[in-house]
file structure-v7.cif (mmCIF, C-alpha atoms)
data_model
loop_
_atom_site.label_atom_id
_atom_site.label_comp_id
_atom_site.auth_asym_id
_atom_site.auth_seq_id
_atom_site.Cartn_x
_atom_site.Cartn_y
_atom_site.Cartn_z
CA MET L 766 -14.15 59.70 0.60
CA ASP L 767 -14.36 58.49 4.20
CA GLU L 768 -10.78 58.61 5.55
CA THR L 769 -11.60 55.81 7.96
CA ALA L 770 -12.49 53.44 5.11
CA LYS L 771 -10.12 50.51 4.82
CA THR L 772 -7.91 50.14 1.78
CA PRO L 773 -9.30 47.33 -0.39
CA VAL L 774 -7.34 44.08 -0.32
CA ASP L 775 -5.61 43.38 -3.61
CA VAL L 776 -7.00 40.07 -4.84
CA PHE L 777 -3.77 39.54 -6.79
CA GLU L 778 -1.70 39.54 -3.59
CA LYS L 779 -2.07 35.76 -3.21
CA ALA L 780 -0.25 35.34 -6.53
CA ARG L 781 2.78 37.12 -5.10
CA SER L 782 2.85 35.63 -1.61
CA HIS L 783 1.24 32.18 -1.59
CA ASP L 784 2.69 29.51 0.69
CA ARG L 785 4.25 27.49 -2.16
CA LEU L 786 5.94 30.43 -3.89
CA GLU L 787 9.41 29.79 -2.46
CA GLN L 788 9.29 26.11 -3.44
CA LEU L 789 8.02 26.98 -6.92
CA GLU L 790 10.78 29.54 -7.52
CA ALA L 791 13.44 27.09 -6.34
CA ALA L 792 12.10 24.43 -8.68
CA LYS L 793 12.17 26.83 -11.62
CA ALA L 794 15.68 28.02 -10.81
CA HIS L 795 17.04 24.45 -10.90
CA ASP L 796 14.86 23.26 -13.79
CA LEU L 797 13.04 20.91 -11.42
CA LEU L 798 9.47 21.85 -12.32
CA PRO L 799 7.82 18.55 -13.30
CA TYR L 800 4.95 20.21 -15.13
CA PHE L 801 4.43 21.78 -18.57
CA ARG L 802 7.32 19.88 -20.13
CA LEU L 803 7.32 20.01 -23.91
CA LEU L 804 6.16 16.96 -25.85
CA THR L 805 7.43 17.25 -29.42
CA SER L 806 6.08 14.03 -30.94
CA GLN L 807 2.90 11.99 -31.01
CA ALA L 808 1.91 10.27 -27.77
CA GLY L 809 3.21 6.70 -27.62
CA PRO L 810 5.35 4.28 -25.60
CA VAL L 811 8.47 6.19 -26.67
CA VAL L 812 8.22 9.93 -27.31
CA GLU L 813 10.41 12.92 -27.94
CA MET L 814 10.41 15.36 -25.06
CA GLU L 815 12.55 18.47 -25.15
CA GLY L 816 14.91 16.98 -27.73
CA ARG L 817 15.36 13.58 -26.04
CA GLU L 818 13.98 10.12 -26.74
CA THR L 819 12.02 9.25 -23.63
CA ILE L 820 10.16 6.15 -22.48
CA MET L 821 6.67 7.40 -21.66
CA LEU L 822 5.34 6.11 -18.34
CA GLY L 823 3.14 9.11 -17.68
CA SER L 824 0.38 9.02 -20.30
CA ASN L 825 -3.30 8.11 -20.04
CA ASN L 826 -3.25 6.86 -23.64
CA TYR L 827 -4.07 3.46 -22.16
CA LEU L 828 -4.89 1.56 -25.35
CA GLY L 829 -2.42 3.44 -27.53
CA LEU L 830 -5.20 4.55 -29.87
CA THR L 831 -4.04 8.15 -30.37
CA GLY L 832 -1.78 6.84 -33.11
CA ASP L 833 -4.23 4.32 -34.55
CA GLU L 834 -4.85 5.11 -38.22
CA ARG L 835 -8.59 4.42 -37.91
CA VAL L 836 -8.92 6.92 -35.09
CA LYS L 837 -6.92 9.56 -36.96
CA GLN L 838 -9.05 8.94 -40.05
CA GLY L 839 -12.18 9.47 -37.95
CA ALA L 840 -10.79 12.84 -36.93
CA ARG L 841 -9.87 13.73 -40.53
CA ASP L 842 -13.31 12.79 -41.87
CA ALA L 843 -15.01 14.91 -39.21
CA LEU L 844 -12.70 17.83 -39.97
CA GLU L 845 -13.41 17.67 -43.69
CA THR L 846 -17.17 17.36 -43.19
CA TYR L 847 -17.75 19.89 -40.40
CA GLY L 848 -14.67 22.13 -40.46
CA THR L 849 -12.52 23.12 -37.53
CA GLY L 850 -15.38 24.04 -35.21
CA VAL L 851 -19.14 24.47 -34.98
CA THR L 852 -18.89 27.72 -32.94
CA GLY L 853 -21.94 27.04 -30.83
CA SER L 854 -23.17 25.13 -27.81
CA ARG L 855 -24.69 21.69 -28.08
CA LEU L 856 -28.05 23.23 -27.13
CA LEU L 857 -28.09 25.71 -30.01
CA ASN L 858 -26.10 24.96 -33.16
CA GLY L 859 -23.33 22.67 -31.89
CA THR L 860 -24.91 19.21 -32.20
CA THR L 861 -23.87 17.18 -35.24
CA PRO L 862 -24.82 13.67 -36.39
CA LEU L 863 -21.49 12.58 -34.90
CA HIS L 864 -22.76 13.53 -31.43
CA ILE L 865 -25.97 11.57 -31.91
CA ASP L 866 -24.10 8.48 -33.08
CA LEU L 867 -21.56 8.78 -30.28
CA GLU L 868 -24.21 9.15 -27.57
CA ARG L 869 -26.16 6.16 -28.89
CA GLU L 870 -23.08 3.95 -29.09
CA LEU L 871 -21.83 5.05 -25.66
CA ALA L 872 -25.18 4.09 -24.13
CA GLU L 873 -25.02 0.71 -25.88
CA TRP L 874 -21.46 0.18 -24.63
CA MET L 875 -22.35 1.16 -21.06
CA GLY L 876 -25.60 -0.81 -21.15
CA THR L 877 -27.68 2.24 -20.18
CA GLU L 878 -30.79 3.87 -21.63
CA ASP L 879 -29.03 7.03 -22.80
CA ALA L 880 -25.83 9.07 -22.66
CA ILE L 881 -24.91 12.74 -22.99
CA VAL L 882 -21.62 14.01 -24.43
CA TYR L 883 -19.82 17.04 -22.97
CA THR L 884 -16.92 19.04 -24.37
CA THR L 885 -14.57 17.87 -21.59
CA GLY L 886 -14.64 15.27 -18.86
CA TYR L 887 -14.28 18.00 -16.24
CA GLN L 888 -17.45 19.62 -17.55
CA ALA L 889 -19.28 16.28 -17.46
CA ASN L 890 -18.77 15.92 -13.70
CA LEU L 891 -19.25 19.61 -13.02
CA GLY L 892 -22.44 19.80 -15.06
CA ALA L 893 -24.09 16.57 -13.97
CA ILE L 894 -23.48 16.98 -10.24
CA GLY L 895 -24.28 20.70 -10.33
CA ALA L 896 -27.60 20.05 -12.07
CA LEU L 897 -28.78 17.07 -10.01
CA LEU L 898 -28.03 18.48 -6.58
CA GLU L 899 -29.21 21.66 -4.91
CA PRO L 900 -29.04 23.34 -1.50
CA GLY L 901 -30.75 21.03 0.99
CA ASP L 902 -29.33 17.88 -0.63
CA THR L 903 -26.24 16.02 0.57
CA VAL L 904 -23.38 14.62 -1.50
CA VAL L 905 -20.99 12.04 -0.05
CA CYS L 906 -17.56 11.79 -1.71
CA ASP L 907 -14.38 9.80 -1.30
CA SER L 908 -11.49 12.10 -0.32
CA GLY L 909 -9.57 10.68 -3.29
CA ASP L 910 -12.22 11.70 -5.84
CA HIS L 911 -11.16 13.77 -8.83
CA ALA L 912 -11.17 17.56 -8.47
CA SER L 913 -13.98 17.89 -11.03
CA ILE L 914 -16.26 15.90 -8.72
CA LEU L 915 -15.46 18.08 -5.73
CA ASP L 916 -15.92 21.25 -7.78
CA GLY L 917 -19.31 20.00 -9.00
CA CYS L 918 -20.33 19.34 -5.41
CA ARG L 919 -19.38 22.87 -4.36
CA LEU L 920 -21.15 24.39 -7.35
CA SER L 921 -24.37 22.56 -6.50
CA GLY L 922 -24.68 24.13 -3.05
CA ALA L 923 -25.40 20.72 -1.54
CA LYS L 924 -23.94 19.77 1.82
CA LEU L 925 -20.63 17.99 1.23
CA ARG L 926 -19.73 15.05 3.46
CA PRO L 927 -16.36 13.56 2.44
CA PHE L 928 -15.06 10.27 3.82
CA ARG L 929 -11.51 8.97 4.12
CA HIS L 930 -10.24 7.26 0.97
CA ASN L 931 -11.78 3.81 0.47
CA ARG L 932 -12.77 3.53 4.14
CA MET L 933 -16.18 1.93 4.13
CA ASP L 934 -16.70 2.47 7.86
CA LYS L 935 -16.29 6.21 7.23
CA LEU L 936 -18.69 6.09 4.28
CA GLU L 937 -21.30 4.41 6.46
CA LYS L 938 -20.87 7.10 9.11
CA MET L 939 -21.31 9.87 6.51
CA LEU L 940 -24.44 8.19 5.13
CA ASP L 941 -25.86 7.96 8.65
CA ARG L 942 -25.31 11.69 9.05
CA ALA L 943 -26.66 12.45 5.58
CA ALA L 944 -29.91 10.70 6.49
CA GLU L 945 -30.44 13.39 9.10
CA ASP L 946 -29.81 16.26 6.67
CA GLY L 947 -33.29 16.07 5.19
CA GLY L 948 -32.71 16.21 1.43
CA GLY L 949 -31.71 13.83 -1.32
CA VAL L 950 -28.41 11.97 -1.01
CA LEU L 951 -25.91 11.22 -3.80
CA VAL L 952 -22.71 9.22 -3.34
CA VAL L 953 -19.99 9.91 -5.93
CA VAL L 954 -16.83 7.79 -6.18
CA ASP L 955 -14.11 7.10 -8.72
CA GLY L 956 -14.16 3.57 -10.13
CA VAL L 957 -10.37 3.74 -10.47
CA PHE L 958 -8.70 6.50 -8.50
CA SER L 959 -6.51 8.60 -10.77
CA MET L 960 -3.54 9.13 -8.44
CA GLU L 961 -3.47 5.90 -6.39
CA GLY L 962 -4.60 3.57 -9.20
CA ASP L 963 -6.71 1.52 -6.79
CA VAL L 964 -10.34 0.54 -7.33
CA CYS L 965 -13.26 1.52 -5.14
CA ASP L 966 -14.91 -1.11 -2.94
CA LEU L 967 -17.96 -1.03 -5.17
CA PRO L 968 -19.85 -4.04 -3.71
CA ARG L 969 -19.84 -2.50 -0.24
CA ILE L 970 -20.61 0.98 -1.60
CA VAL L 971 -23.64 -0.37 -3.47
CA GLU L 972 -24.79 -2.18 -0.33
CA LEU L 973 -24.51 0.95 1.82
CA CYS L 974 -26.25 3.15 -0.76
CA LYS L 975 -29.17 0.73 -0.93
CA SER L 976 -29.55 0.50 2.83
CA HIS L 977 -29.52 4.30 3.15
CA GLY L 978 -31.69 5.14 0.12
CA ALA L 979 -28.88 7.05 -1.61
CA ARG L 980 -28.22 7.35 -5.33
CA LEU L 981 -24.79 6.34 -6.66
CA MET L 982 -22.63 7.88 -9.39
CA VAL L 983 -19.32 6.30 -10.45
CA ASP L 984 -16.61 8.20 -12.32
CA GLU L 985 -15.19 5.69 -14.82
CA ALA L 986 -12.60 8.06 -16.35
CA HIS L 987 -9.75 5.61 -15.65
CA GLY L 988 -11.87 2.46 -15.83
CA ALA L 989 -13.76 2.83 -19.11
CA GLY L 990 -11.82 1.24 -21.94
CA VAL L 991 -9.73 -0.66 -19.40
CA LEU L 992 -11.73 -2.88 -17.03
CA GLY L 993 -14.39 -5.49 -17.67
CA ALA L 994 -15.03 -7.84 -20.58
CA ARG L 995 -16.44 -4.99 -22.72
CA GLY L 996 -14.18 -2.40 -21.16
CA ALA L 997 -17.20 -0.68 -19.62
CA GLY L 998 -15.30 0.00 -16.39
CA ALA L 999 -15.24 -0.93 -12.72
CA CYS L 1000 -19.02 -1.31 -12.61
CA GLU L 1001 -18.82 -4.06 -15.23
CA LEU L 1002 -15.74 -5.60 -13.60
CA PHE L 1003 -17.64 -6.03 -10.34
CA GLY L 1004 -20.83 -7.15 -12.11
CA LEU L 1005 -22.77 -4.24 -10.64
CA GLU L 1006 -23.74 -2.18 -13.69
CA ASP L 1007 -27.45 -2.45 -12.91
CA GLU L 1008 -26.87 -1.29 -9.32
CA VAL L 1009 -25.17 2.00 -10.23
CA ASP L 1010 -27.41 4.94 -11.14
CA LEU L 1011 -25.02 7.07 -13.21
CA ARG L 1012 -21.64 6.53 -14.81
CA MET L 1013 -19.29 9.19 -16.09
CA GLY L 1014 -16.38 8.71 -18.48
CA THR L 1015 -13.86 10.69 -20.50
CA PHE L 1016 -12.46 10.54 -24.02
CA SER L 1017 -8.98 11.69 -23.00
CA LYS L 1018 -7.80 8.28 -21.80
CA SER L 1019 -8.65 5.08 -23.65
CA LEU L 1020 -10.85 6.89 -26.18
CA ALA L 1021 -7.87 8.84 -27.52
CA SER L 1022 -9.54 12.24 -27.82
CA CYS L 1023 -10.94 14.98 -25.59
CA GLY L 1024 -14.42 15.16 -24.07
CA GLY L 1025 -16.63 13.39 -21.57
CA PHE L 1026 -19.98 11.70 -21.09
CA VAL L 1027 -22.58 10.73 -18.53
CA ALA L 1028 -24.60 7.54 -19.05
CA GLY L 1029 -27.74 6.52 -17.21
CA PRO L 1030 -31.55 6.54 -17.22
CA ALA L 1031 -33.12 8.35 -20.18
CA ALA L 1032 -35.12 10.73 -17.96
CA VAL L 1033 -32.02 11.82 -16.06
CA VAL L 1034 -29.95 12.30 -19.21
CA GLU L 1035 -32.75 14.30 -20.84
CA TYR L 1036 -32.90 16.52 -17.75
CA LEU L 1037 -29.15 17.13 -17.99
CA ARG L 1038 -29.58 18.30 -21.58
CA ILE L 1039 -31.76 21.21 -20.44
CA ALA L 1040 -30.40 21.84 -16.92
CA SER L 1041 -26.64 21.19 -16.99
CA ARG L 1042 -24.94 24.58 -17.20
CA SER L 1043 -21.55 23.33 -18.39
CA PHE L 1044 -23.38 21.61 -21.25
CA ILE L 1045 -25.72 24.46 -22.16
CA PHE L 1046 -23.21 27.30 -21.96
CA SER L 1047 -20.08 25.67 -23.43
CA ALA L 1048 -19.18 25.48 -27.09
CA SER L 1049 -19.39 22.05 -28.63
CA ALA L 1050 -16.14 20.12 -28.97
CA VAL L 1051 -14.30 20.54 -32.25
CA PRO L 1052 -15.62 17.97 -34.77
CA ALA L 1053 -12.26 16.23 -35.07
CA ALA L 1054 -12.36 15.38 -31.34
CA VAL L 1055 -15.86 13.92 -31.62
CA GLY L 1056 -14.93 11.97 -34.75
CA ALA L 1057 -11.83 10.55 -33.09
CA ALA L 1058 -13.74 9.50 -29.98
CA LEU L 1059 -16.40 7.75 -32.06
CA ALA L 1060 -13.77 5.90 -34.11
CA ALA L 1061 -11.88 4.88 -30.95
CA LEU L 1062 -15.08 3.61 -29.35
CA ARG L 1063 -15.75 1.44 -32.39
CA VAL L 1064 -12.22 0.01 -32.22
CA ILE L 1065 -12.72 -0.78 -28.53
CA ARG L 1066 -16.07 -2.48 -29.12
CA ALA L 1067 -14.59 -4.57 -31.92
CA GLU L 1068 -11.12 -5.39 -30.58
CA GLY L 1069 -11.17 -4.40 -26.91
CA PRO L 1070 -10.39 -7.69 -25.14
CA ARG L 1071 -7.02 -8.06 -26.86
CA LEU L 1072 -6.08 -4.49 -25.98
CA PHE L 1073 -7.29 -4.75 -22.36
CA GLU L 1074 -5.28 -7.93 -21.87
CA ALA L 1075 -2.10 -6.36 -23.22
CA LEU L 1076 -2.54 -3.22 -21.12
CA LEU L 1077 -3.17 -4.99 -17.83
CA ALA L 1078 -0.40 -7.51 -18.45
CA ASN L 1079 1.97 -4.56 -18.88
CA ALA L 1080 0.72 -3.02 -15.64
CA GLU L 1081 1.28 -6.27 -13.75
CA TYR L 1082 4.75 -6.61 -15.23
CA LEU L 1083 5.80 -3.09 -14.24
CA ARG L 1084 4.31 -3.40 -10.75
CA GLU L 1085 6.21 -6.64 -10.12
CA GLY L 1086 9.38 -5.11 -11.54
CA LEU L 1087 9.13 -2.10 -9.22
CA ARG L 1088 8.51 -4.40 -6.26
CA ASP L 1089 11.59 -6.42 -7.21
CA LEU L 1090 13.58 -3.19 -6.99
CA GLY L 1091 12.40 -2.88 -3.40
CA LEU L 1092 10.11 0.07 -4.09
CA ARG L 1093 6.78 0.40 -2.34
CA VAL L 1094 3.87 0.52 -4.79
CA VAL L 1095 0.24 1.34 -4.06
CA GLU L 1096 -1.76 -1.89 -4.21
CA PRO L 1097 -4.75 -1.75 -6.59
CA GLY L 1098 -7.14 -3.75 -4.40
CA LEU L 1099 -8.93 -7.07 -4.74
CA LEU L 1100 -12.01 -8.38 -6.48
CA PRO L 1101 -14.61 -10.40 -4.54
CA ASP L 1102 -12.98 -13.65 -5.71
CA GLY L 1103 -9.65 -12.56 -4.20
CA THR L 1104 -7.86 -11.80 -7.47
CA VAL L 1105 -5.92 -8.55 -7.89
CA ALA L 1106 -7.91 -5.73 -9.50
CA THR L 1107 -5.07 -4.60 -11.78
CA THR L 1108 -5.38 -1.11 -13.25
CA PRO L 1109 -3.09 0.79 -15.64
CA VAL L 1110 -1.94 3.22 -12.91
CA VAL L 1111 1.03 1.97 -10.86
CA PRO L 1112 2.21 4.57 -8.31
CA VAL L 1113 5.42 4.39 -6.28
CA VAL L 1114 5.26 5.77 -2.73
CA VAL L 1115 7.82 8.53 -2.16
CA GLY L 1116 6.42 10.51 0.80
CA ASP L 1117 8.24 13.85 0.72
CA ASP L 1118 7.20 16.33 -1.99
CA TRP L 1119 10.69 17.65 -2.68
CA GLN L 1120 12.21 14.17 -2.87
CA ALA L 1121 9.49 13.20 -5.35
CA VAL L 1122 10.41 16.14 -7.58
CA LEU L 1123 14.13 15.33 -7.40
CA LEU L 1124 13.43 11.68 -8.25
CA TRP L 1125 11.22 12.70 -11.17
CA LYS L 1126 13.97 14.96 -12.56
CA ALA L 1127 16.65 12.29 -12.23
CA LEU L 1128 14.46 9.81 -14.11
CA PHE L 1129 13.55 12.40 -16.75
CA GLU L 1130 17.21 13.16 -17.42
CA ALA L 1131 17.87 9.42 -17.66
CA GLY L 1132 15.16 9.01 -20.31
CA VAL L 1133 12.06 7.88 -18.37
CA TYR L 1134 9.05 10.17 -18.01
CA THR L 1135 6.66 9.72 -15.09
CA ASN L 1136 4.10 11.88 -13.32
CA VAL L 1137 4.56 13.42 -9.88
CA ALA L 1138 1.67 13.66 -7.43
CA ILE L 1139 2.38 16.04 -4.57
CA HIS L 1140 0.20 17.94 -2.10
CA PRO L 1141 -2.62 18.98 -2.61
CA ALA L 1142 -3.19 16.25 -5.23
CA VAL L 1143 -2.34 13.78 -2.45
CA PRO L 1144 -2.34 14.19 1.36
CA PRO L 1145 0.68 15.93 2.97
CA GLY L 1146 3.58 13.51 3.18
CA GLY L 1147 1.96 11.20 0.64
CA ALA L 1148 3.84 12.16 -2.53
CA LEU L 1149 3.74 9.59 -5.31
CA LEU L 1150 5.68 8.91 -8.46
CA ARG L 1151 2.77 7.94 -10.70
CA THR L 1152 3.47 5.61 -13.59
CA SER L 1153 0.86 4.52 -16.13
CA LEU L 1154 0.90 1.98 -18.90
CA MET L 1155 -0.26 1.53 -22.50
CA ALA L 1156 -1.33 -1.58 -24.37
CA THR L 1157 1.32 -0.66 -26.95
CA HIS L 1158 4.26 -0.79 -24.52
CA LYS L 1159 6.61 -3.65 -25.43
CA ARG L 1160 8.50 -5.62 -22.81
CA ASP L 1161 11.70 -4.05 -24.08
CA HIS L 1162 10.32 -0.61 -23.20
CA LEU L 1163 9.44 -1.74 -19.69
CA ASP L 1164 12.71 -3.60 -19.13
CA ARG L 1165 14.68 -0.52 -20.19
CA ALA L 1166 12.58 1.66 -17.90
CA LEU L 1167 13.00 -0.71 -14.94
CA LYS L 1168 16.76 -0.86 -15.49
CA THR L 1169 16.93 2.94 -15.52
CA ILE L 1170 14.74 3.26 -12.44
CA GLY L 1171 16.88 0.71 -10.61
CA GLU L 1172 20.02 2.73 -11.33
CA VAL L 1173 18.48 6.08 -10.43
CA VAL L 1174 16.94 5.05 -7.10
CA LYS L 1175 20.36 4.03 -5.80
CA ASP L 1176 20.89 7.75 -5.23
CA PHE L 1177 17.70 7.93 -3.13
CA PRO L 1178 18.35 5.77 -0.07
CA ASP L 1179 15.51 7.34 1.92
CA LEU L 1180 12.74 6.14 -0.36
CA PRO L 1181 10.10 3.98 1.37
CA ARG L 1182 10.94 0.34 0.70
CA THR L 1183 9.09 -2.95 0.78
CA GLY L 1184 9.69 -5.39 3.58
#

call {"tool": "encode", "arguments": {"input": "structure-v7.cif", "output": "structure tokens"}}
result
Amino acid sequence: MDETAKTPVDVFEKARSHDRLEQLEAAKAHDLLPYFRLLTSQAGPVVEMEGRETIMLGSNNYLGLTGDERVKQGARDALETYGTGVTGSRLLNGTTPLHIDLERELAEWMGTEDAIVYTTGYQANLGAIGALLEPGDTVVCDSGDHASILDGCRLSGAKLRPFRHNRMDKLEKMLDRAAEDGGGVLVVVDGVFSMEGDVCDLPRIVELCKSHGARLMVDEAHGAGVLGARGAGACELFGLEDEVDLRMGTFSKSLASCGGFVAGPAAVVEYLRIASRSFIFSASAVPAAVGAALAALRVIRAEGPRLFEALLANAEYLREGLRDLGLRVVEPGLLPDGTVATTPVVPVVVGDDWQAVLLWKALFEAGVYTNVAIHPAVPPGGALLRTSLMATHKRDHLDRALKTIGEVVKDFPDLPRTG
């Protein structure tokens, strides 16, 4: 062996010396880690977590359908008919009649020609973007887009041009630059941003995409089953469904299951079925998950407006209650008519990562569960306490939570305040 050869770098070294190790160890030592906490009951407005009754303000079970008997029966029927798994990819032996029905009904719900169902929402974004783009193309993304979008962009090999969150002047600048790149251009944005809870400026995005000849894909993970008269998402809310080329959604929020879909033109969806690697090379979702999603979709199409109204009324109530406590909340944005574009995600601005973790723990011990968004999920110094609502929350749940929050934040005088 050549004695001058360098010793190989141990790829595991980063696990032992990464820049957040000290903070992580301190959090573990004081039981401050806000992740991987044990849920020991069904998801609902009030849950049992680690032996305590806890008001749940950190779930994406927006319509409360995970406990709906019709949805659970859909899962049971699928389990009894198809067993615990189909042990193959959708391409080979993993497609069941449930998939066909679900794809047809999703397309009807979205008002598109076709839809394709993936095993997870992450795989839907990864597979669609990775298949449609290639080196030489350009993809333009909001900096607040979900990680699955950004990973799909990187996988594609296309040139990535991100723009600052919801800044339309920055989007226009990136589209101007993309026009000089020479290939196809795809803009991908969240309809509702998962951390901030605000909506994209879809009318202006559509206008800019048209003027620059770019295609547009909207991730409706947090908008489908929430916004619009049918619950078809931000695109329906803005009245721009026909102006958006592709829409993605998940089953793990309002649809009370696990999985994802992409809806759009039949030719594009058919291409994804034979070119999308995360679709071709992943095992099909367990039948119970597909059965539950199909049952939840049918509940939404039959009874959605009542559920949407209850959910968004709860979100407005909590947002106003947090404001009344003097806390600074992220505003969801406005519709073209000037009304507030309420979403089920209501984040409180905290700023410092460590303070956000301490606040989360104090609330958790007091019986209120929330989510914490710290860097890199949000920009440095932009930590959020992310709350989210369900249609099945009662005012008593929210009043109890607000009372607890009001008591706890007295011990955090440095929190950003309104006014």

call {"tool": "residues_around", "arguments": {"input": "structure-v7.cif", "residues": "Thr860 (chain L)", "least_positions_apart": "2", "cutoff": "12 Å", "atoms": "only C-alpha atoms", "output": "PDB file with C-alpha atoms, in the coordinates of the input"}}
result
ATOM      1  CA  TYR L 847     -17.750  19.890 -40.400  1.00  0.00           C
ATOM      2  CA  GLY L 850     -15.380  24.040 -35.210  1.00  0.00           C
ATOM      3  CA  VAL L 851     -19.140  24.470 -34.980  1.00  0.00           C
ATOM      4  CA  THR L 852     -18.890  27.720 -32.940  1.00  0.00           C
ATOM      5  CA  GLY L 853     -21.940  27.040 -30.830  1.00  0.00           C
ATOM      6  CA  SER L 854     -23.170  25.130 -27.810  1.00  0.00           C
ATOM      7  CA  ARG L 855     -24.690  21.690 -28.080  1.00  0.00           C
ATOM      8  CA  LEU L 856     -28.050  23.230 -27.130  1.00  0.00           C
ATOM      9  CA  LEU L 857     -28.090  25.710 -30.010  1.00  0.00           C
ATOM     10  CA  ASN L 858     -26.100  24.960 -33.160  1.00  0.00           C
ATOM     11  CA  PRO L 862     -24.820  13.670 -36.390  1.00  0.00           C
ATOM     12  CA  LEU L 863     -21.490  12.580 -34.900  1.00  0.00           C
ATOM     13  CA  HIS L 864     -22.760  13.530 -31.430  1.00  0.00           C
ATOM     14  CA  ILE L 865     -25.970  11.570 -31.910  1.00  0.00           C
ATOM     15  CA  ASP L 866     -24.100   8.480 -33.080  1.00  0.00           C
ATOM     16  CA  LEU L 867     -21.560   8.780 -30.280  1.00  0.00           C
ATOM     17  CA  GLU L 868     -24.210   9.150 -27.570  1.00  0.00           C
ATOM     18  CA  ILE L 881     -24.910  12.740 -22.990  1.00  0.00           C
ATOM     19  CA  VAL L 882     -21.620  14.010 -24.430  1.00  0.00           C
ATOM     20  CA  TYR L 883     -19.820  17.040 -22.970  1.00  0.00           C
ATOM     21  CA  THR L 884     -16.920  19.040 -24.370  1.00  0.00           C
ATOM     22  CA  ARG L1038     -29.580  18.300 -21.580  1.00  0.00           C
ATOM     23  CA  PHE L1044     -23.380  21.610 -21.250  1.00  0.00           C
ATOM     24  CA  ILE L1045     -25.720  24.460 -22.160  1.00  0.00           C
ATOM     25  CA  SER L1047     -20.080  25.670 -23.430  1.00  0.00           C
ATOM     26  CA  ALA L1048     -19.180  25.480 -27.090  1.00  0.00           C
ATOM     27  CA  SER L1049     -19.390  22.050 -28.630  1.00  0.00           C
ATOM     28  CA  ALA L1050     -16.140  20.120 -28.970  1.00  0.00           C
ATOM     29  CA  VAL L1051     -14.300  20.540 -32.250  1.00  0.00           C
ATOM     30  CA  PRO L1052     -15.620  17.970 -34.770  1.00  0.00           C
ATOM     31  CA  VAL L1055     -15.860  13.920 -31.620  1.00  0.00           C
TER      32      VAL L1055
END

call {"tool": "resolve_selection", "arguments": {"input": "structure-v7.cif", "expression": "the PyMOL selection byres ((chain L and resi 958-973) around 8)", "output": "PyMOL selection string"}}
result
chain L and resi 909-911+931+933+937+940+954-957+974-977+981+987+999-1000+1003+1005+1008-1009+1095-1098+1106+1108-1112+1138+1142-1143+1149+1151

call {"tool": "closest_atom_pairs", "arguments": {"input": "structure-v7.cif", "of": "region 928-986 of chain L", "to": "region 1015-1019 of chain L", "cutoff": "10 Å", "atoms": "all atoms listed in the file", "output": "Markdown table"}}
result
| residue | atom | partner | partner_atom | distance |
| --- | --- | --- | --- | --- |
| L:Asp984 | CA | L:Thr1015 | CA | 9.0 |
| L:Glu985 | CA | L:Thr1015 | CA | 7.7 |
| L:Ala986 | CA | L:Thr1015 | CA | 5.1 |

call {"tool": "atom_distance", "arguments": {"input": "structure-v7.cif", "atom1": "CA of Leu1077 (chain L)", "atom2": "CA of Gly988 (chain L)"}}
result
11.6 Å

call {"tool": "resolve_selection", "arguments": {"input": "structure-v7.cif", "expression": "the PyMOL selection byres ((chain L and resi 806-819) around 9)", "output": "PyMOL selection string"}}
result
chain L and resi 802-805+820-822+824+826+829-832+1129-1134+1154-1159+1162

call {"tool": "closest_residue", "arguments": {"input": "structure-v7.cif", "among": "L:Leu1062, L:Ala1075, L:Ala1053, L:Val952", "to": "Glu845 (chain L)", "atoms": "only C-alpha atoms"}}
result
L:Ala1053

call {"tool": "atom_distance", "arguments": {"input": "structure-v7.cif", "atom1": "CA of Ser1153 (chain L)", "atom2": "CA of Gly823 (chain L)"}}
result
5.4 Å

call {"tool": "resolve_selection", "arguments": {"input": "structure-v7.cif", "expression": "the PyMOL selection byres ((chain L and resi 1167-1174) around 9)", "output": "ChimeraX atom specification"}}
result
/L:1083,1086-1087,1090,1092,1124,1127-1128,1131-1133,1162-1166,1175-1178,1180
